[in-house]
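Source file: final33.cif; contents: mmCIF, C-alpha atoms.
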```cif
data_my_file
loop_
_atom_site.label_atom_id
_atom_site.label_comp_id
_atom_site.auth_asym_id
_atom_site.auth_seq_id
_atom_site.Cartn_x
_atom_site.Cartn_y
_atom_site.Cartn_z
CA MET A 19 -16.48 9.39 -1.68
CA LEU A 20 -14.47 8.85 1.44
CA ILE A 21 -10.71 9.43 1.40
CA LEU A 22 -8.72 8.33 4.45
CA ASN A 23 -5.01 8.75 5.06
CA CYS A 24 -3.43 5.47 6.08
CA PRO A 25 -1.21 6.16 9.11
CA TYR A 26 1.05 3.22 8.18
CA CYS A 27 1.88 3.85 4.53
CA GLY A 28 1.09 7.55 4.62
CA TYR A 29 -0.92 7.60 1.39
CA ASP A 30 -4.39 9.02 0.97
CA LYS A 31 -6.57 6.03 0.24
CA ASP A 32 -9.77 6.10 -1.68
CA GLU A 33 -12.75 4.26 -0.20
CA THR A 34 -12.51 1.64 -2.94
CA GLU A 35 -8.97 0.75 -1.83
CA LEU A 36 -10.08 0.16 1.75
CA SER A 37 -12.09 -2.48 3.58
CA ALA A 38 -14.46 -1.34 6.28
CA GLY A 39 -14.04 -3.15 9.59
CA GLY A 40 -16.91 -1.74 11.63
CA GLU A 41 -16.81 -0.12 15.02
CA ALA A 42 -13.45 0.55 16.64
CA HIS A 43 -12.29 0.08 20.23
CA LEU A 44 -14.40 -3.00 20.96
CA LYS A 45 -13.45 -4.88 24.08
CA ARG A 46 -13.46 -8.62 23.64
CA PHE A 47 -15.45 -10.74 26.06
CA GLY A 48 -14.56 -14.40 25.66
CA PRO A 49 -14.51 -17.48 27.88
CA GLY A 50 -15.58 -16.70 31.44
CA ALA A 51 -17.69 -13.68 30.45
CA SER A 52 -21.40 -13.47 31.21
CA ASP A 53 -23.95 -14.12 28.46
CA GLU A 54 -24.86 -10.41 28.40
CA GLU A 55 -21.25 -9.35 27.99
CA PHE A 56 -20.64 -11.89 25.23
CA GLU A 57 -23.80 -10.91 23.42
CA GLY A 58 -22.81 -7.25 23.66
CA TYR A 59 -19.36 -8.01 22.28
CA LEU A 60 -20.77 -10.00 19.37
CA PHE A 61 -23.80 -7.95 18.41
CA GLY A 62 -23.97 -4.68 20.37
CA ARG A 63 -22.85 -1.89 18.02
CA ALA A 64 -23.33 1.84 18.10
CA ASN A 65 -24.92 3.26 14.96
CA PRO A 66 -24.57 6.97 15.51
CA LYS A 67 -25.62 9.77 13.21
CA GLY A 68 -22.59 11.94 13.71
CA LEU A 69 -19.21 11.22 15.25
CA HIS A 70 -18.05 7.62 14.91
CA PHE A 71 -14.85 5.67 15.38
CA GLU A 72 -14.25 2.93 12.86
CA ARG A 73 -11.70 0.32 11.82
CA TRP A 74 -10.47 0.35 8.25
CA CYS A 75 -8.04 -1.90 6.42
CA CYS A 76 -5.65 -0.48 3.83
CA ALA A 77 -6.61 -3.45 1.63
CA SER A 78 -5.19 -2.38 -1.74
CA GLY A 79 -2.25 -0.75 0.00
CA CYS A 80 0.00 -1.77 2.86
CA GLY A 81 -2.55 -4.21 4.28
CA LYS A 82 -2.62 -2.74 7.78
CA TRP A 83 -5.67 -2.07 9.92
CA PHE A 84 -6.06 1.46 11.25
CA HIS A 85 -8.67 3.57 13.02
CA ALA A 86 -10.57 6.56 11.71
CA ALA A 87 -12.65 9.18 13.49
CA ARG A 88 -15.28 10.60 11.16
CA CYS A 89 -18.79 11.94 11.01
CA THR A 90 -21.33 9.55 9.50
CA ALA A 91 -23.70 12.40 8.66
CA THR A 92 -21.34 14.80 6.88
CA LEU A 93 -18.55 12.32 5.92
CA GLU A 94 -16.10 14.75 7.52
CA VAL A 95 -12.90 12.98 8.60
CA PHE A 96 -11.39 14.19 11.87
CA GLY A 97 -8.31 12.01 11.61
CA THR A 98 -6.86 8.53 11.35
CA TYR A 99 -4.56 6.79 13.79
CA LYS A 100 -2.74 3.52 14.29
CA ALA A 101 -4.63 0.57 15.74
CA GLN A 102 -2.17 -0.21 18.55
CA THR A 103 -4.09 1.86 21.08
CA LEU A 104 -7.05 1.39 23.43
CA GLU A 105 -8.42 4.87 22.92
CA PRO A 106 -8.08 7.72 20.42
CA PRO A 107 -4.85 9.73 20.82
CA GLN A 108 -5.08 13.26 22.19
CA ASP A 109 -4.49 15.00 18.86
CA ILE A 110 -7.50 13.20 17.37
CA LYS A 111 -9.61 14.13 20.38
CA ASP A 112 -8.48 17.75 20.03
CA ALA A 113 -9.34 17.76 16.33
CA ILE A 114 -12.85 16.51 17.14
CA SER A 115 -13.27 18.99 20.00
CA ALA A 116 -12.43 21.83 17.63
CA LYS A 117 -15.33 20.85 15.34
CA ARG A 118 -17.77 19.18 17.76
CA PRO A 119 -17.32 20.81 21.18
CA GLY A 120 -18.56 18.64 24.05
CA TRP A 121 -18.59 15.42 21.99
CA THR A 122 -18.91 12.02 23.63
CA TRP A 123 -18.67 8.54 22.13
CA ARG A 124 -19.13 5.54 24.39
CA ASP A 125 -16.73 6.25 27.29
CA PHE A 126 -14.59 8.72 25.38
CA SER A 127 -15.00 12.47 25.40
CA MET B 17 6.82 -15.69 -18.98
CA SER B 18 6.12 -13.65 -22.04
CA GLU B 19 7.80 -10.52 -23.30
CA ARG B 20 5.30 -8.25 -24.97
CA GLU B 21 5.03 -4.68 -26.00
CA PHE B 22 2.33 -2.24 -26.98
CA GLN B 23 2.98 1.03 -28.72
CA GLY B 24 0.25 3.49 -27.81
CA TYR B 25 0.71 7.12 -26.89
CA VAL B 26 3.00 5.65 -24.27
CA THR B 27 4.94 2.39 -24.57
CA ILE B 28 3.82 -0.58 -22.46
CA ARG B 29 6.38 -3.34 -22.09
CA GLN B 30 6.43 -6.46 -19.95
CA LYS B 31 9.70 -6.95 -18.11
CA THR B 32 10.96 -10.43 -17.37
CA ASP B 33 14.64 -9.86 -16.64
CA HIS B 34 14.50 -9.87 -12.84
CA SER B 35 13.79 -12.07 -9.85
CA MET B 36 11.54 -10.84 -7.08
CA PHE B 37 11.60 -11.69 -3.38
CA THR B 38 9.24 -10.78 -0.57
CA LEU B 39 10.77 -10.19 2.82
CA ARG B 40 8.64 -9.94 5.95
CA ALA B 41 10.53 -8.68 8.97
CA SER B 42 10.34 -5.67 11.25
CA LEU B 43 11.83 -2.76 9.32
CA ALA B 44 12.21 -0.92 12.63
CA SER B 45 14.77 -3.52 13.71
CA SER B 46 18.33 -2.23 13.42
CA LYS B 47 19.61 -5.79 13.06
CA VAL B 48 17.38 -6.45 10.06
CA LYS B 49 18.39 -3.14 8.50
CA ALA B 50 22.09 -3.81 9.06
CA ALA B 51 21.83 -7.32 7.61
CA LEU B 52 20.10 -6.04 4.47
CA GLU B 53 22.49 -3.16 4.00
CA THR B 54 25.49 -5.43 4.32
CA CYS B 55 24.06 -8.03 1.96
CA LEU B 56 22.53 -5.82 -0.74
CA ASN B 57 24.55 -2.64 -0.29
CA ILE B 58 21.35 -0.57 -0.26
CA ALA B 59 19.88 1.32 2.69
CA VAL B 60 16.34 0.25 3.64
CA PRO B 61 14.09 2.83 1.96
CA GLN B 62 11.79 5.24 3.80
CA ARG B 63 8.08 4.52 3.67
CA GLY B 64 6.46 5.17 0.33
CA THR B 65 9.75 4.98 -1.56
CA TYR B 66 12.19 2.54 -3.12
CA ALA B 67 15.96 2.46 -3.47
CA GLN B 68 17.98 1.13 -6.37
CA THR B 69 21.66 0.40 -6.88
CA GLY B 70 22.84 -1.26 -10.06
CA GLY B 71 20.27 -3.91 -10.87
CA THR B 72 19.10 -4.40 -7.28
CA LEU B 73 15.95 -2.71 -6.07
CA LEU B 74 14.52 -2.50 -2.57
CA ALA B 75 10.96 -1.23 -2.10
CA TRP B 76 8.93 -0.36 0.99
CA MET B 77 5.70 -2.38 0.94
CA SER B 78 4.48 -1.95 4.52
CA PRO B 79 6.03 -1.42 7.99
CA ASP B 80 7.06 -5.08 7.97
CA GLU B 81 7.45 -5.94 4.32
CA LEU B 82 10.03 -5.23 1.64
CA LEU B 83 10.08 -6.14 -2.02
CA ILE B 84 13.50 -7.06 -3.38
CA MET B 85 14.25 -7.19 -7.09
CA VAL B 86 17.54 -8.50 -8.46
CA PRO B 87 18.68 -9.39 -12.00
CA ARG B 88 17.26 -12.78 -12.96
CA ALA B 89 20.68 -14.23 -13.71
CA SER B 90 21.83 -13.70 -10.11
CA GLY B 91 18.49 -14.51 -8.44
CA GLY B 92 19.52 -17.80 -6.87
CA VAL B 93 22.79 -16.44 -5.53
CA ALA B 94 21.11 -13.33 -4.12
CA PHE B 95 18.40 -15.38 -2.41
CA ALA B 96 20.96 -17.62 -0.71
CA ALA B 97 23.02 -14.61 0.35
CA LEU B 98 19.95 -12.95 1.88
CA GLU B 99 19.02 -16.10 3.78
CA GLN B 100 22.53 -16.27 5.15
CA ALA B 101 22.57 -12.57 6.10
CA LEU B 102 19.25 -12.82 7.94
CA HIS B 103 20.05 -16.10 9.66
CA GLY B 104 19.03 -16.02 13.32
CA LEU B 105 16.69 -13.04 12.90
CA HIS B 106 12.89 -13.19 12.86
CA TYR B 107 12.02 -13.02 9.17
CA LEU B 108 10.28 -14.69 6.26
CA LEU B 109 11.84 -14.62 2.81
CA ALA B 110 10.06 -16.01 -0.24
CA ASP B 111 10.94 -16.11 -3.92
CA VAL B 112 7.86 -14.70 -5.64
CA SER B 113 9.43 -14.27 -9.10
CA ASP B 114 6.87 -16.57 -10.71
CA ALA B 115 3.95 -15.05 -8.81
CA ARG B 116 4.34 -11.49 -10.06
CA SER B 117 4.54 -9.66 -13.37
CA THR B 118 6.13 -6.30 -14.09
CA PHE B 119 5.29 -3.77 -16.77
CA THR B 120 7.06 -0.58 -17.71
CA ILE B 121 5.11 2.43 -18.90
CA GLU B 122 7.32 4.84 -20.79
CA GLY B 123 6.46 8.14 -22.35
CA GLY B 124 5.67 11.73 -21.51
CA SER B 125 2.10 10.81 -20.51
CA ALA B 126 3.00 7.74 -18.43
CA ARG B 127 1.46 9.27 -15.31
CA GLU B 128 -1.74 10.06 -17.16
CA VAL B 129 -2.13 6.45 -18.33
CA VAL B 130 -1.72 5.18 -14.77
CA ALA B 131 -4.09 7.85 -13.47
CA LYS B 132 -6.81 6.45 -15.73
CA LEU B 133 -6.61 3.11 -13.94
CA ALA B 134 -5.69 3.82 -10.30
CA PRO B 135 -7.58 5.80 -7.67
CA MET B 136 -4.38 7.11 -6.08
CA ASP B 137 -2.92 10.53 -6.81
CA VAL B 138 -0.09 9.86 -9.27
CA LEU B 139 0.74 13.49 -10.05
CA ALA B 140 4.36 14.46 -9.52
CA ALA B 141 3.60 16.64 -6.48
CA GLN B 142 2.19 13.68 -4.52
CA PHE B 143 4.21 10.89 -6.10
CA PRO B 144 7.73 12.06 -7.02
CA VAL B 145 10.51 10.11 -8.71
CA GLY B 146 11.58 7.41 -6.26
CA GLY B 147 8.04 6.96 -4.97
CA PHE B 148 6.59 3.48 -4.50
CA ALA B 149 2.94 2.79 -3.74
CA ARG B 150 0.54 -0.10 -3.61
CA THR B 151 -2.85 0.60 -5.03
CA ARG B 152 -5.53 -0.79 -7.32
CA PHE B 153 -5.58 -0.87 -11.12
CA ALA B 154 -9.17 -1.09 -12.32
CA GLN B 155 -10.23 -4.26 -10.50
CA VAL B 156 -6.94 -5.75 -9.31
CA ALA B 157 -4.32 -4.91 -6.70
CA GLY B 158 -0.86 -3.86 -7.75
CA ALA B 159 2.08 -1.61 -7.06
CA ILE B 160 3.53 1.31 -8.96
CA PHE B 161 6.84 3.10 -8.79
CA VAL B 162 8.35 6.09 -10.52
CA GLU B 163 11.78 5.45 -11.97
CA GLN B 164 11.92 8.62 -14.03
CA GLU B 165 9.41 11.32 -14.77
CA ASP B 166 8.50 9.54 -18.03
CA HIS B 167 9.16 5.97 -16.86
CA LEU B 168 6.81 4.22 -14.44
CA ASN B 169 6.85 0.56 -13.44
CA LEU B 170 3.82 -1.48 -12.50
CA ILE B 171 3.82 -4.74 -10.57
CA CYS B 172 0.81 -7.06 -10.43
CA PHE B 173 0.05 -10.68 -9.71
CA ARG B 174 0.94 -12.97 -12.59
CA SER B 175 -2.54 -14.50 -12.54
CA VAL B 176 -3.95 -11.15 -13.68
CA GLN B 177 -1.13 -10.12 -16.02
CA ASP B 178 -3.24 -10.49 -19.18
CA TYR B 179 -5.96 -8.35 -17.64
CA VAL B 180 -3.48 -5.69 -16.55
CA PHE B 181 -1.75 -5.68 -19.94
CA GLY B 182 -5.16 -5.29 -21.53
CA ILE B 183 -6.26 -2.35 -19.43
CA LEU B 184 -2.85 -0.67 -19.86
CA CYS B 185 -3.14 -1.01 -23.64
CA GLY B 186 -6.67 0.36 -23.47
CA ALA B 187 -5.56 3.32 -21.39
CA ALA B 188 -2.64 4.00 -23.75
CA LYS B 189 -4.68 3.70 -26.94
CA PRO B 190 -3.76 6.42 -29.46
CA GLY B 191 -6.50 9.02 -29.56
CA SER B 192 -7.49 8.51 -25.92
CA GLU B 193 -5.18 11.25 -24.61
CA VAL B 194 -6.81 13.28 -21.85
CA ARG B 195 -4.40 16.18 -22.07
CA ALA B 196 -2.68 17.56 -25.12
CA GLN B 197 0.86 16.23 -25.22
CA SER B 198 3.54 18.74 -24.42
#
```

Is it possible to express this structure as structure tokens?
Amino acid sequence: MLILNCPYCGYDKDETELSAGGEAHLKRFGPGASDEEFEGYLFGRANPKGLHFERWCCASGCGKWFHAARCTATLEVFGTYKAQTLEPPQDIKDAISAKRPGWTWRDFS
Amino acid sequence: MSEREFQGYVTIRQKTDHSMFTLRASLASSKVKAALETCLNIAVPQRGTYAQTGGTLLAWMSPDELLIMVPRASGGVAFAALEQALHGLHYLLADVSDARSTFTIEGGSAREVVAKLAPMDVLAAQFPVGGFARTRFAQVAGAIFVEQEDHLNLICFRSVQDYVFGILCGAAKPGSEVRAQS
């Protein structure tokens, strides 16, 4: 069972109160983009065994979307943070570095 | 709306004596806060809590949503006063009195009855008196707040009120106590 702390309402939310929103930090490619870019935006998803960044919605709570950094293999949660950001905040990165030294995920490290 | 009551090892009662409004506006805005405080005479509550003065209640639903409860008799007047107070600001105010139902759960084991139905931590350490949270009760969404240690209030959508009343009665059934009563 996954328990994530919603950074908006501050409550620990059980997995059954949340909606999963897939991979976080996607960059949208819309009109004017090449076919490859658009295809990548629509279908290209990482599916790592290990560290992953995901979007979650506090569906049975405050209704806000937030981001979570967690490990898909151990279900360990490194932290959650608000969605109004283009990359994970430093404290989240530090928390991951403490447990997974030398980690990389897409362009982040 | 129906008044009904169930006497289990806690008392479940449906409350119908209030009007309920939803306000969407930025709670970080000092203008919105000032307008609400002037109109309702209650400070906008911190996240995860509610504030109550007399019969008026203000609850934190999300960073941009408040729930306002006023006595039913003064509902129309209060709604008009709020609209006037917020005039010119970016907001949305809706009367949702007929869309929601409220239940009170009273008794020494009120928290235990709620804990049977909701995945959230409703123990006093995590959810003290004055706390307000939105969560899930069995299969439906709802909100819960702690008025007193032995008095919790539950809000759900009216369309599922019979279901919620049913599961509350089931959870409060005499003989289904999880812990020995103190």

Residues of chain B no more than 12 Å from chain A, counting only C-alpha atoms: send them over as a PDB file with C-alpha atoms, in the frame of the given file.
```pdb
ATOM      1  CA  GLN B  62      11.790   5.240   3.800  1.00  0.00           C
ATOM      2  CA  ARG B  63       8.080   4.520   3.670  1.00  0.00           C
ATOM      3  CA  GLY B  64       6.460   5.170   0.330  1.00  0.00           C
ATOM      4  CA  THR B  65       9.750   4.980  -1.560  1.00  0.00           C
ATOM      5  CA  TRP B  76       8.930  -0.360   0.990  1.00  0.00           C
ATOM      6  CA  MET B  77       5.700  -2.380   0.940  1.00  0.00           C
ATOM      7  CA  SER B  78       4.480  -1.950   4.520  1.00  0.00           C
ATOM      8  CA  PRO B  79       6.030  -1.420   7.990  1.00  0.00           C
ATOM      9  CA  ASP B  80       7.060  -5.080   7.970  1.00  0.00           C
ATOM     10  CA  GLU B  81       7.450  -5.940   4.320  1.00  0.00           C
ATOM     11  CA  LEU B  82      10.030  -5.230   1.640  1.00  0.00           C
ATOM     12  CA  ALA B 134      -5.690   3.820 -10.300  1.00  0.00           C
ATOM     13  CA  PRO B 135      -7.580   5.800  -7.670  1.00  0.00           C
ATOM     14  CA  MET B 136      -4.380   7.110  -6.080  1.00  0.00           C
ATOM     15  CA  ASP B 137      -2.920  10.530  -6.810  1.00  0.00           C
ATOM     16  CA  VAL B 138      -0.090   9.860  -9.270  1.00  0.00           C
ATOM     17  CA  GLN B 142       2.190  13.680  -4.520  1.00  0.00           C
ATOM     18  CA  PHE B 143       4.210  10.890  -6.100  1.00  0.00           C
ATOM     19  CA  GLY B 147       8.040   6.960  -4.970  1.00  0.00           C
ATOM     20  CA  PHE B 148       6.590   3.480  -4.500  1.00  0.00           C
ATOM     21  CA  ALA B 149       2.940   2.790  -3.740  1.00  0.00           C
ATOM     22  CA  ARG B 150       0.540  -0.100  -3.610  1.00  0.00           C
ATOM     23  CA  THR B 151      -2.850   0.600  -5.030  1.00  0.00           C
ATOM     24  CA  ARG B 152      -5.530  -0.790  -7.320  1.00  0.00           C
ATOM     25  CA  PHE B 153      -5.580  -0.870 -11.120  1.00  0.00           C
ATOM     26  CA  ALA B 154      -9.170  -1.090 -12.320  1.00  0.00           C
ATOM     27  CA  GLN B 155     -10.230  -4.260 -10.500  1.00  0.00           C
ATOM     28  CA  VAL B 156      -6.940  -5.750  -9.310  1.00  0.00           C
ATOM     29  CA  ALA B 157      -4.320  -4.910  -6.700  1.00  0.00           C
ATOM     30  CA  GLY B 158      -0.860  -3.860  -7.750  1.00  0.00           C
ATOM     31  CA  ALA B 159       2.080  -1.610  -7.060  1.00  0.00           C
ATOM     32  CA  ILE B 160       3.530   1.310  -8.960  1.00  0.00           C
ATOM     33  CA  CYS B 172       0.810  -7.060 -10.430  1.00  0.00           C
TER      34      CYS B 172
END
```

If you count only C-alpha atoms, which residues fall within 12 Å of Leu105 (chain B), apart from same-chain ones fewer than 2 positions away, as a list in words?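 Selected residues are Arg40, Ala41, Ser42, Leu43, Ser45, Ser46, Lys47, Val48, Lys49, Ala50, Ala51, Leu52, Leu98, Glu99, Gln100, Ala101, Leu102, His103, Tyr107, Leu108 and Leu109 of chain B.
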
Could you list the residues chosen by the PyMOL selection byres ((chain A and resi 66) around 12) in this structure as a VMD selection string? chain A and resid 41 63 to 65 67 to 72 88 to 91 122 to 124

Determine, counting all atoms listed in the file, which protein, DNA and RNA residues have an atom within 12 Å of an atom of region 56-59 of chain A; residues of the same chain fewer than 2 positions away are not included. Present the result as a count of residues only. 18

Quick one, how far is CA of Gly186 (chain B) from CA of Thr27 (chain B)? 11.8 Å

For Ser115 (chain A), which residue among A:Ser127, A:Ser37, A:Gln102, A:Thr92 is the nearest when counting all atoms listed in the file? A:Ser127

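Interatomic distance, CA of Glu122 (chain B) against CA of Ala110 (chain B): 29.4 Å.
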
Which neighbours of Pro144 (chain B) fall inside 9 Å, counting all atoms listed in the file, when residues of the same chain fewer than 6 positions from it are skipped, and could you give them as a VMD selection string? chain B and resid 138 162 164 to 165

Skip Ala89 (chain B) itself and residues of its chain fewer than 2 positions away, then list as number ranges by chain all residues within 9 Å of it, counting all atoms listed in the file. B: 33-35, 86-87, 91-93

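Shortest separation to Thr38 (chain B) among B:Ser175, B:Ser90, B:Thr72, B:Ser113 occurs at residue B:Ser113, atoms counted being all atoms listed in the file.
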
Minimum-distance residue to Arg174 (chain B), chosen among B:Arg88, B:Arg29, B:Arg20, B:Arg116 (using only C-alpha atoms):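 Selected residue with least distance to Arg174 (chain B): B:Arg116.
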
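The coordinates place CA of Thr69 (chain B) at 28.9 Å from CA of Val176 (chain B).
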
Spell out the residues picked by the PyMOL selection byres ((chain A and resi 83-86) around 6) here, as number ranges by chain. A: 71-75, 82, 87, 97-101

Can region 69-87 of chain B be brought up to N, CA and C atoms and written out as a PDB file, keeping the file's coordinate frame?
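The resulting file, part.pdb, is shown below:
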```
ATOM      1  N   THR B  69      20.230   0.296  -6.595  1.00  0.00           N
ATOM      2  CA  THR B  69      21.660   0.400  -6.880  1.00  0.00           C
ATOM      3  C   THR B  69      21.985  -0.685  -7.891  1.00  0.00           C
ATOM      4  N   GLY B  70      22.569  -0.291  -9.007  1.00  0.00           N
ATOM      5  CA  GLY B  70      22.840  -1.260 -10.060  1.00  0.00           C
ATOM      6  C   GLY B  70      21.529  -1.912 -10.469  1.00  0.00           C
ATOM      7  N   GLY B  71      21.485  -3.225 -10.477  1.00  0.00           N
ATOM      8  CA  GLY B  71      20.270  -3.910 -10.870  1.00  0.00           C
ATOM      9  C   GLY B  71      19.410  -4.331  -9.691  1.00  0.00           C
ATOM     10  N   THR B  72      19.830  -3.965  -8.475  1.00  0.00           N
ATOM     11  CA  THR B  72      19.100  -4.400  -7.280  1.00  0.00           C
ATOM     12  C   THR B  72      18.180  -3.289  -6.803  1.00  0.00           C
ATOM     13  N   LEU B  73      16.950  -3.682  -6.492  1.00  0.00           N
ATOM     14  CA  LEU B  73      15.950  -2.710  -6.070  1.00  0.00           C
ATOM     15  C   LEU B  73      15.301  -3.168  -4.765  1.00  0.00           C
ATOM     16  N   LEU B  74      15.116  -2.220  -3.867  1.00  0.00           N
ATOM     17  CA  LEU B  74      14.520  -2.500  -2.570  1.00  0.00           C
ATOM     18  C   LEU B  74      13.338  -1.558  -2.401  1.00  0.00           C
ATOM     19  N   ALA B  75      12.141  -2.092  -2.179  1.00  0.00           N
ATOM     20  CA  ALA B  75      10.960  -1.230  -2.100  1.00  0.00           C
ATOM     21  C   ALA B  75      10.201  -1.437  -0.806  1.00  0.00           C
ATOM     22  N   TRP B  76       9.678  -0.341  -0.270  1.00  0.00           N
ATOM     23  CA  TRP B  76       8.930  -0.360   0.990  1.00  0.00           C
ATOM     24  C   TRP B  76       7.481  -0.738   0.711  1.00  0.00           C
ATOM     25  N   MET B  77       7.065  -1.912   1.205  1.00  0.00           N
ATOM     26  CA  MET B  77       5.700  -2.380   0.940  1.00  0.00           C
ATOM     27  C   MET B  77       4.766  -2.088   2.101  1.00  0.00           C
ATOM     28  N   SER B  78       5.262  -2.212   3.318  1.00  0.00           N
ATOM     29  CA  SER B  78       4.480  -1.950   4.520  1.00  0.00           C
ATOM     30  C   SER B  78       5.484  -1.887   5.670  1.00  0.00           C
ATOM     31  N   PRO B  79       5.054  -1.558   6.902  1.00  0.00           N
ATOM     32  CA  PRO B  79       6.030  -1.420   7.990  1.00  0.00           C
ATOM     33  C   PRO B  79       6.815  -2.707   8.265  1.00  0.00           C
ATOM     34  N   ASP B  80       6.348  -3.833   7.729  1.00  0.00           N
ATOM     35  CA  ASP B  80       7.060  -5.080   7.970  1.00  0.00           C
ATOM     36  C   ASP B  80       7.262  -5.887   6.683  1.00  0.00           C
ATOM     37  N   GLU B  81       7.277  -5.211   5.571  1.00  0.00           N
ATOM     38  CA  GLU B  81       7.450  -5.940   4.320  1.00  0.00           C
ATOM     39  C   GLU B  81       8.279  -5.138   3.319  1.00  0.00           C
ATOM     40  N   LEU B  82       9.230  -5.834   2.707  1.00  0.00           N
ATOM     41  CA  LEU B  82      10.030  -5.230   1.640  1.00  0.00           C
ATOM     42  C   LEU B  82       9.903  -6.075   0.389  1.00  0.00           C
ATOM     43  N   LEU B  83      10.011  -5.432  -0.759  1.00  0.00           N
ATOM     44  CA  LEU B  83      10.080  -6.140  -2.020  1.00  0.00           C
ATOM     45  C   LEU B  83      11.505  -5.989  -2.539  1.00  0.00           C
ATOM     46  N   ILE B  84      12.120  -7.096  -2.911  1.00  0.00           N
ATOM     47  CA  ILE B  84      13.500  -7.060  -3.380  1.00  0.00           C
ATOM     48  C   ILE B  84      13.525  -7.554  -4.822  1.00  0.00           C
ATOM     49  N   MET B  85      14.120  -6.773  -5.695  1.00  0.00           N
ATOM     50  CA  MET B  85      14.250  -7.190  -7.090  1.00  0.00           C
ATOM     51  C   MET B  85      15.730  -7.235  -7.448  1.00  0.00           C
ATOM     52  N   VAL B  86      16.143  -8.345  -8.037  1.00  0.00           N
ATOM     53  CA  VAL B  86      17.540  -8.500  -8.460  1.00  0.00           C
ATOM     54  C   VAL B  86      17.530  -9.028  -9.900  1.00  0.00           C
ATOM     55  N   PRO B  87      18.633  -8.849 -10.645  1.00  0.00           N
ATOM     56  CA  PRO B  87      18.680  -9.390 -12.000  1.00  0.00           C
ATOM     57  C   PRO B  87      18.424 -10.906 -11.978  1.00  0.00           C
TER      58      PRO B  87
END
```
